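Below you'll find the structure, written out as structure tokens, and then a few comments.
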Amino acid sequence: MPSYENRYISNLTRETYALILAGGRGSRLHELTNWRAKPAVYFGGKHRIIDFPLSNCINSGIRRVGIATQYKSHSLIRHVHRAWGHFKKELGESVEILPASQRYGEDWYCGTADAVFQNMDIIRHELPKYVMILSGDHVYRMDYGALLAKHVETGADMTVCCIEVACDEAADTFGVMTVDEEKRVKRFDEKPKMPSSIPGKPGTCLASMGNYVFNTDFLFEQLKKDAENEGSGRDFGHDIIPAIIEEHNVFAFPFRDPGHEGQPYWRDVGTLDSFWEANMELVMPEPQLDLYDPTWPIWTYQEQLPPAKFIFDNDDRRGMAVDSTVSGGCIISGSVVRKSLLFSNVHIRSYCVIEESVILPGAIIQRNCRIRRAIIDRSCEVPAGVEIGYDRKADEENGFRVSKKGIVLVTREMLTELSKKLERLERESKQLA
């Protein structure tokens, strides 16, 4: 027999509607988000970032989910349709795309709060008792059942999910909360330049994860008030939370991993450096984010592909991968891959050395290439003999983007321009000869 606690939480999840905010531009990822929204960015060998909050919902028992999209949403919509389009509305479950559609005016989504406000009629039709609002661009695993139970237990009108981070990391990046002993929120600063430390933990602050739980009626009431305020920025962090913490019950819920000590895994992969670092963590012998855990699978769409293939076993031409993750459809032909993550259908020709790199689906690396600490975008074809990641000046002259920490981003457009440059130099060389 299921326990009372399990039945209690399952009832809460059935009474909850989750809205994932997936319309962000992701500008700090530069060319990696030129053609896709940040939640549609690839991660972990076969997933997209959006798969993590969606999997958390489904694994937690929340089966009514909306996804608010806006910028460059085609690849995101296509992925959600393929991976998550099998839910049955007649069984009380659905994963629906909610593009900006100007329901209450002529504006598109003007902020996180406005994205929810414009979909109030859709949420109301679902008749939920609670509304969970989730960020669509973070990587983590979390059982939302515990969050819902704590929300009800405290009698909260709103609950803010939070995590402890270094003040330096939170500055200008995260919303930061000050709470009392009961975790009631007393102050909320959106992206402060100098975050307030947690008492007794200097240099550490309590940062919002961008995940909230509201009582539905309370949420609608606050959204309507905000919509009538002409000076509002229509944002939860900037406007809604600071406006309600004095007169209403707003509580913080610290994100904890019940199976481990210390901080649970949570990554904002919003920069090239953090994206590269988070993917590199997955090739460690025992990564903190366990994608192999059958009790909490990360669901996604994947093509039916043959197994990865490693060919040639000569001393100077050996196909091998060490301390790496290699997805289906990959062929490593007489090359060495070390501490790297290869997505599906990556082909690496002979005599290459690939180190500490993230190579997205369908990329082709021609012969005699040396690549280190790089991100190679989807469907790139790197010409033979190219070196990437060894000389910052040369990488920049070749038109590649180099991050603050020296991570090199290569896209198809960059390679096209490089090819034109090399052809022009070759013509000029022949003319001089």
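We name chains A, B, ... following the order of the structure tokens; residues begin at 1 in each chain, and ligands are numbered from 1 as shown.
The shell of residues at most 10 Å from Asp323 in chain A, with only C-alpha atoms counted and near chain neighbours (fewer than 5 positions) removed, consists of A:Leu282, A:Val283, A:Met284, A:Pro285, A:Val337, A:Arg338, A:Lys339, A:Ser340, A:Leu341, A:Glu356.
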### Message
So that I can check the surroundings of Ile354 in chain A, please list as a PyMOL selection string every protein, DNA and RNA residue that reaches within 12 Å of it, counting only C-alpha atoms and ignoring chain neighbours fewer than 5 positions away.
### Response
chain A and resi 319-324+332+334-342+347-349+359+365-376+386-390
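Taking CA of Glu164 in chain A as the reference point, CA of Val116 in chain A is found at 26.5 Å.
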>> Taking 6 positions as the minimum chain separation for residues in the same chain, which residues sit within 8 Å of Thr300 in chain A when counting only C-alpha atoms? Answer as number ranges by chain.
In response: A: 46-48, 51, 83-84
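The shortest atom-to-atom distance to Gly92 in chain A, with only C-alpha atoms taken into account, belongs to A:Pro128 out of A:Pro306, A:Gly111, A:Gly175, A:Pro128.
Note that the spacing between CA of Thr178 in chain A and CA of Glu153 in chain A amounts to 20.6 Å.
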Could I get the residues of range 248-306 of chain A with an atom no further than 7 Å from an atom of range 181-203 of chain A, each paired with its nearest atom pair and that distance in Å to one decimal, using only C-alpha atoms, sorted by chain and residue number, as a tab-separated table?
```
residue	atom	partner	partner_atom	distance
A:Val250	CA	A:Val185	CA	5.7
A:Phe251	CA	A:Arg184	CA	4.3
A:Ala252	CA	A:Lys183	CA	5.4
```
File dump, residues just selected, all heavy atoms, as an mmCIF file, in the first residue's frame:
```cif
data_model
loop_
_atom_site.group_PDB
_atom_site.id
_atom_site.type_symbol
_atom_site.label_atom_id
_atom_site.label_comp_id
_atom_site.auth_asym_id
_atom_site.auth_seq_id
_atom_site.Cartn_x
_atom_site.Cartn_y
_atom_site.Cartn_z
ATOM 1 N N VAL A 250 5.216 34.842 1.910
ATOM 2 C CA VAL A 250 6.161 34.408 0.883
ATOM 3 C C VAL A 250 7.302 33.679 1.582
ATOM 4 O O VAL A 250 7.984 34.253 2.437
ATOM 5 C CB VAL A 250 6.703 35.599 0.065
ATOM 6 C CG1 VAL A 250 7.681 35.110 -0.998
ATOM 7 C CG2 VAL A 250 5.553 36.371 -0.561
ATOM 8 N N PHE A 251 7.504 32.423 1.234
ATOM 9 C CA PHE A 251 8.515 31.605 1.883
ATOM 10 C C PHE A 251 9.564 31.152 0.881
ATOM 11 O O PHE A 251 9.291 31.004 -0.317
ATOM 12 C CB PHE A 251 7.882 30.378 2.542
ATOM 13 C CG PHE A 251 7.184 30.676 3.840
ATOM 14 C CD1 PHE A 251 5.881 31.144 3.848
ATOM 15 C CD2 PHE A 251 7.831 30.510 5.058
ATOM 16 C CE1 PHE A 251 5.223 31.432 5.034
ATOM 17 C CE2 PHE A 251 7.199 30.790 6.252
ATOM 18 C CZ PHE A 251 5.891 31.250 6.242
ATOM 19 N N ALA A 252 10.773 30.918 1.393
ATOM 20 C CA ALA A 252 11.850 30.344 0.596
ATOM 21 C C ALA A 252 11.908 28.837 0.841
ATOM 22 O O ALA A 252 11.680 28.373 1.961
ATOM 23 C CB ALA A 252 13.185 30.981 0.970
#
```
Report task. Please provide the set of residues having any atom within 10 Å of Arg124 in chain A, restricted to only C-alpha atoms, with same-chain residues fewer than 6 positions apart removed, written as JSON, numbers by chain. Result -> {"A": [17, 216, 217, 220]}
With N, CA, C and O atoms retained, export the selected residues as a PDB file, in the first residue's frame.
```
ATOM      1  N   TYR A  17      -0.566  22.850 -11.942  1.00  0.00           N
ATOM      2  CA  TYR A  17      -0.253  23.116 -13.345  1.00  0.00           C
ATOM      3  C   TYR A  17       1.117  23.783 -13.384  1.00  0.00           C
ATOM      4  O   TYR A  17       1.370  24.749 -12.654  1.00  0.00           O
ATOM      5  N   THR A 216      -3.314  29.467  -6.878  1.00  0.00           N
ATOM      6  CA  THR A 216      -3.768  29.982  -8.169  1.00  0.00           C
ATOM      7  C   THR A 216      -4.506  31.310  -8.055  1.00  0.00           C
ATOM      8  O   THR A 216      -4.212  32.261  -8.781  1.00  0.00           O
ATOM      9  N   ASP A 217      -5.474  31.399  -7.151  1.00  0.00           N
ATOM     10  CA  ASP A 217      -6.242  32.642  -7.033  1.00  0.00           C
ATOM     11  C   ASP A 217      -5.337  33.811  -6.657  1.00  0.00           C
ATOM     12  O   ASP A 217      -5.514  34.928  -7.161  1.00  0.00           O
ATOM     13  N   PHE A 220      -3.337  34.958  -9.796  1.00  0.00           N
ATOM     14  CA  PHE A 220      -4.131  35.740 -10.737  1.00  0.00           C
ATOM     15  C   PHE A 220      -4.386  37.152 -10.208  1.00  0.00           C
ATOM     16  O   PHE A 220      -4.336  38.137 -10.950  1.00  0.00           O
TER      17      PHE A 220
END
```
TODO: Run DSSP on the backbone and give me the residues of range 96-333 of chain A it puts in helix (DSSP H, G or I), as an NGL selection string.
DONE: :A and (112-117 or 120-126 or 144-153 or 167-170 or 216-228 or 236-244 or 272-281)
Atom pair CA of Asn34 in chain A + CA of Lys72 in chain A, distance 8.1 Å
Taking 2 positions as the minimum chain separation for residues in the same chain, which residues sit within 7 Å of Leu29 in chain A when counting only C-alpha atoms? Answer as a ChimeraX atom specification.
/A:26-27,31-33,270-272
Would you output that residue set with N, CA and C atoms, as a JSON list (two decimals), in the first residue's frame?
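Done, and the output landed in again-v3.json:
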```
[["chain", "number", "residue", "atom", "x", "y", "z"],
["A", 26, "GLY", "N", 18.98, 34.13, -24.46],
["A", 26, "GLY", "CA", 20.25, 33.43, -24.27],
["A", 26, "GLY", "C", 21.41, 34.15, -24.93],
["A", 27, "SER", "N", 21.43, 35.48, -24.85],
["A", 27, "SER", "CA", 22.43, 36.27, -25.58],
["A", 27, "SER", "C", 23.85, 36.02, -25.11],
["A", 31, "GLU", "N", 26.81, 33.12, -30.48],
["A", 31, "GLU", "CA", 26.36, 32.46, -31.71],
["A", 31, "GLU", "C", 25.71, 31.11, -31.46],
["A", 32, "LEU", "N", 25.90, 30.53, -30.29],
["A", 32, "LEU", "CA", 25.28, 29.24, -29.98],
["A", 32, "LEU", "C", 23.75, 29.37, -29.92],
["A", 33, "THR", "N", 23.25, 30.58, -29.71],
["A", 33, "THR", "CA", 21.80, 30.82, -29.70],
["A", 33, "THR", "C", 21.36, 31.72, -30.85],
["A", 270, "GLY", "N", 24.40, 29.61, -18.83],
["A", 270, "GLY", "CA", 24.06, 30.77, -19.63],
["A", 270, "GLY", "C", 25.22, 31.44, -20.32],
["A", 271, "THR", "N", 26.46, 30.99, -20.10],
["A", 271, "THR", "CA", 27.62, 31.55, -20.79],
["A", 271, "THR", "C", 28.38, 30.41, -21.47],
["A", 272, "LEU", "N", 29.23, 30.76, -22.41],
["A", 272, "LEU", "CA", 30.01, 29.72, -23.09],
["A", 272, "LEU", "C", 30.88, 28.96, -22.11]]
```
DSSP strand (DSSP E or B) selection over range 194-342 of chain A, as a PyMOL selection string: chain A and resi 198+201+204-215+250-254+266-268+309-311+313-314+317-318+320-322+325-326+331-333+336-338+341-342
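If only C-alpha atoms are the atoms counted, then among A:Gly155, A:Gly23, A:Gly45, A:Pro39 the closest residue to Pro99 in chain A is A:Gly23.
You can rank A:Leu360, A:Met280, A:Leu12, A:Ala156 by their closest distance to His248 in chain A using only C-alpha atoms, and at the top of that list sits A:Ala156.
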* Write out as a ChimeraX atom specification which residues come within 10 Å of Ala227 in chain A when counting only C-alpha atoms, dropping same-chain ones fewer than 4 positions away. => /A:104,113-114,117-118,222-223,231-234
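Counting only C-alpha atoms, the residue from A:Val152, A:Ala170, A:Ile62, A:Leu21 that sits nearest to Gly136 in chain A is A:Leu21.
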Please provide the set of residues having any atom within 9 Å of range 398-403 of chain A, restricted to only C-alpha atoms, with same-chain residues fewer than 2 positions apart removed, written as JSON, numbers by chain.
{"A": [30, 31, 271, 272, 273, 374, 388, 389, 392, 393, 394, 395, 396, 405, 406, 407, 408, 409, 410, 411, 414, 415, 417, 418, 421]}
May I have the selected residues written with N, CA, C and O atoms, as an mmCIF file, in the first residue's frame?
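Wrote it out as part37.cif, contents follow:
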```
data_model
loop_
_atom_site.group_PDB
_atom_site.id
_atom_site.type_symbol
_atom_site.label_atom_id
_atom_site.label_comp_id
_atom_site.auth_asym_id
_atom_site.auth_seq_id
_atom_site.Cartn_x
_atom_site.Cartn_y
_atom_site.Cartn_z
ATOM 1 N N HIS A 30 26.010 33.796 -27.100
ATOM 2 C CA HIS A 30 26.466 34.348 -28.373
ATOM 3 C C HIS A 30 25.931 33.527 -29.563
ATOM 4 O O HIS A 30 24.752 33.229 -29.626
ATOM 5 N N GLU A 31 26.815 33.124 -30.478
ATOM 6 C CA GLU A 31 26.359 32.464 -31.709
ATOM 7 C C GLU A 31 25.709 31.107 -31.464
ATOM 8 O O GLU A 31 25.011 30.593 -32.349
ATOM 9 N N THR A 271 26.459 30.989 -20.098
ATOM 10 C CA THR A 271 27.621 31.546 -20.789
ATOM 11 C C THR A 271 28.376 30.406 -21.469
ATOM 12 O O THR A 271 28.183 29.227 -21.140
ATOM 13 N N LEU A 272 29.232 30.755 -22.411
ATOM 14 C CA LEU A 272 30.010 29.723 -23.095
ATOM 15 C C LEU A 272 30.884 28.960 -22.107
ATOM 16 O O LEU A 272 31.015 27.735 -22.194
ATOM 17 N N ASP A 273 31.475 29.686 -21.148
ATOM 18 C CA ASP A 273 32.331 29.012 -20.171
ATOM 19 C C ASP A 273 31.534 28.052 -19.290
ATOM 20 O O ASP A 273 31.952 26.911 -19.066
ATOM 21 N N ALA A 374 37.196 23.340 -26.863
ATOM 22 C CA ALA A 374 36.358 23.993 -27.871
ATOM 23 C C ALA A 374 34.921 23.492 -27.795
ATOM 24 O O ALA A 374 34.642 22.417 -27.253
ATOM 25 N N ILE A 388 42.525 24.261 -33.462
ATOM 26 C CA ILE A 388 41.598 25.100 -32.695
ATOM 27 C C ILE A 388 41.932 24.951 -31.215
ATOM 28 O O ILE A 388 42.060 23.829 -30.713
ATOM 29 N N GLY A 389 42.072 26.075 -30.515
ATOM 30 C CA GLY A 389 42.276 26.039 -29.075
ATOM 31 C C GLY A 389 43.718 26.040 -28.629
ATOM 32 O O GLY A 389 43.993 25.932 -27.431
ATOM 33 N N ARG A 392 45.289 31.560 -29.151
ATOM 34 C CA ARG A 392 44.128 32.455 -29.078
ATOM 35 C C ARG A 392 44.107 33.455 -30.238
ATOM 36 O O ARG A 392 43.064 33.688 -30.847
ATOM 37 N N LYS A 393 45.246 34.044 -30.526
ATOM 38 C CA LYS A 393 45.301 35.043 -31.596
ATOM 39 C C LYS A 393 44.909 34.423 -32.935
ATOM 40 O O LYS A 393 44.146 35.019 -33.712
ATOM 41 N N ALA A 394 45.430 33.228 -33.205
ATOM 42 C CA ALA A 394 45.102 32.563 -34.461
ATOM 43 C C ALA A 394 43.619 32.211 -34.532
ATOM 44 O O ALA A 394 42.983 32.348 -35.588
ATOM 45 N N ASP A 395 43.052 31.766 -33.417
ATOM 46 C CA ASP A 395 41.623 31.444 -33.389
ATOM 47 C C ASP A 395 40.781 32.678 -33.694
ATOM 48 O O ASP A 395 39.817 32.616 -34.459
ATOM 49 N N GLU A 396 41.154 33.804 -33.091
ATOM 50 C CA GLU A 396 40.392 35.033 -33.332
ATOM 51 C C GLU A 396 40.564 35.513 -34.765
ATOM 52 O O GLU A 396 39.611 35.993 -35.390
ATOM 53 N N LYS A 405 37.672 32.573 -20.587
ATOM 54 C CA LYS A 405 38.510 31.491 -20.084
ATOM 55 C C LYS A 405 39.182 30.696 -21.192
ATOM 56 O O LYS A 405 39.755 29.639 -20.941
ATOM 57 N N GLY A 406 39.092 31.189 -22.410
ATOM 58 C CA GLY A 406 39.804 30.549 -23.510
ATOM 59 C C GLY A 406 39.058 29.432 -24.214
ATOM 60 O O GLY A 406 39.662 28.683 -24.996
ATOM 61 N N ILE A 407 37.758 29.301 -23.971
ATOM 62 C CA ILE A 407 36.962 28.296 -24.684
ATOM 63 C C ILE A 407 36.620 28.838 -26.068
ATOM 64 O O ILE A 407 36.156 29.981 -26.210
ATOM 65 N N VAL A 408 36.816 28.036 -27.101
ATOM 66 C CA VAL A 408 36.631 28.475 -28.486
ATOM 67 C C VAL A 408 35.304 27.938 -29.021
ATOM 68 O O VAL A 408 35.056 26.733 -28.994
ATOM 69 N N LEU A 409 34.457 28.839 -29.496
ATOM 70 C CA LEU A 409 33.196 28.453 -30.134
ATOM 71 C C LEU A 409 33.364 28.519 -31.643
ATOM 72 O O LEU A 409 33.815 29.534 -32.189
ATOM 73 N N VAL A 410 32.969 27.429 -32.322
ATOM 74 C CA VAL A 410 33.053 27.346 -33.776
ATOM 75 C C VAL A 410 31.665 27.027 -34.317
ATOM 76 O O VAL A 410 31.019 26.071 -33.869
ATOM 77 N N THR A 411 31.191 27.825 -35.271
ATOM 78 C CA THR A 411 29.890 27.594 -35.898
ATOM 79 C C THR A 411 30.058 27.426 -37.407
ATOM 80 O O THR A 411 31.130 27.722 -37.969
ATOM 81 N N MET A 414 30.981 30.689 -39.115
ATOM 82 C CA MET A 414 32.392 31.036 -38.945
ATOM 83 C C MET A 414 33.266 30.243 -39.911
ATOM 84 O O MET A 414 34.211 30.783 -40.505
ATOM 85 N N LEU A 415 32.959 28.957 -40.070
ATOM 86 C CA LEU A 415 33.749 28.119 -40.970
ATOM 87 C C LEU A 415 33.556 28.534 -42.427
ATOM 88 O O LEU A 415 34.498 28.461 -43.226
ATOM 89 N N GLU A 417 33.008 31.618 -43.460
ATOM 90 C CA GLU A 417 33.825 32.815 -43.636
ATOM 91 C C GLU A 417 35.311 32.466 -43.680
ATOM 92 O O GLU A 417 36.071 33.065 -44.453
ATOM 93 N N LEU A 418 35.726 31.495 -42.859
ATOM 94 C CA LEU A 418 37.121 31.063 -42.884
ATOM 95 C C LEU A 418 37.471 30.458 -44.235
ATOM 96 O O LEU A 418 38.553 30.723 -44.791
ATOM 97 N N LYS A 421 37.979 33.167 -46.706
ATOM 98 C CA LYS A 421 39.249 33.839 -46.439
ATOM 99 C C LYS A 421 40.424 33.031 -46.986
ATOM 100 O O LYS A 421 41.330 33.581 -47.636
#
```
Show me, as CSV, the residues of range 253-361 of chain A having an atom within 6 Å of range 160-163 of chain A, each with the closest atom pair and its distance in Å, using only C-alpha atoms.
```
residue,atom,partner,partner_atom,distance
A:Phe253,CA,A:Cys161,CA,4.7
A:Pro254,CA,A:Cys162,CA,4.9
A:Phe255,CA,A:Ile163,CA,5.5
```
What does the file look like for those residues with N, CA, C and O atoms, as a PDB file, in the first residue's frame?
```pdb
ATOM      1  N   PHE A 253      12.193  28.101  -0.212  1.00  0.00           N
ATOM      2  CA  PHE A 253      12.372  26.653  -0.106  1.00  0.00           C
ATOM      3  C   PHE A 253      13.787  26.326  -0.568  1.00  0.00           C
ATOM      4  O   PHE A 253      14.072  26.325  -1.766  1.00  0.00           O
ATOM      5  N   PRO A 254      14.712  26.074   0.360  1.00  0.00           N
ATOM      6  CA  PRO A 254      16.081  25.723  -0.041  1.00  0.00           C
ATOM      7  C   PRO A 254      16.108  24.363  -0.743  1.00  0.00           C
ATOM      8  O   PRO A 254      15.599  23.364  -0.222  1.00  0.00           O
ATOM      9  N   PHE A 255      16.696  24.351  -1.928  1.00  0.00           N
ATOM     10  CA  PHE A 255      16.815  23.132  -2.716  1.00  0.00           C
ATOM     11  C   PHE A 255      17.868  22.240  -2.076  1.00  0.00           C
ATOM     12  O   PHE A 255      19.019  22.632  -1.913  1.00  0.00           O
TER      13      PHE A 255
END
```
Of A:Met158, A:Ile133, A:Leu432, A:Ala278, the one sitting nearest Ser357 in chain A when using only C-alpha atoms is A:Ala278
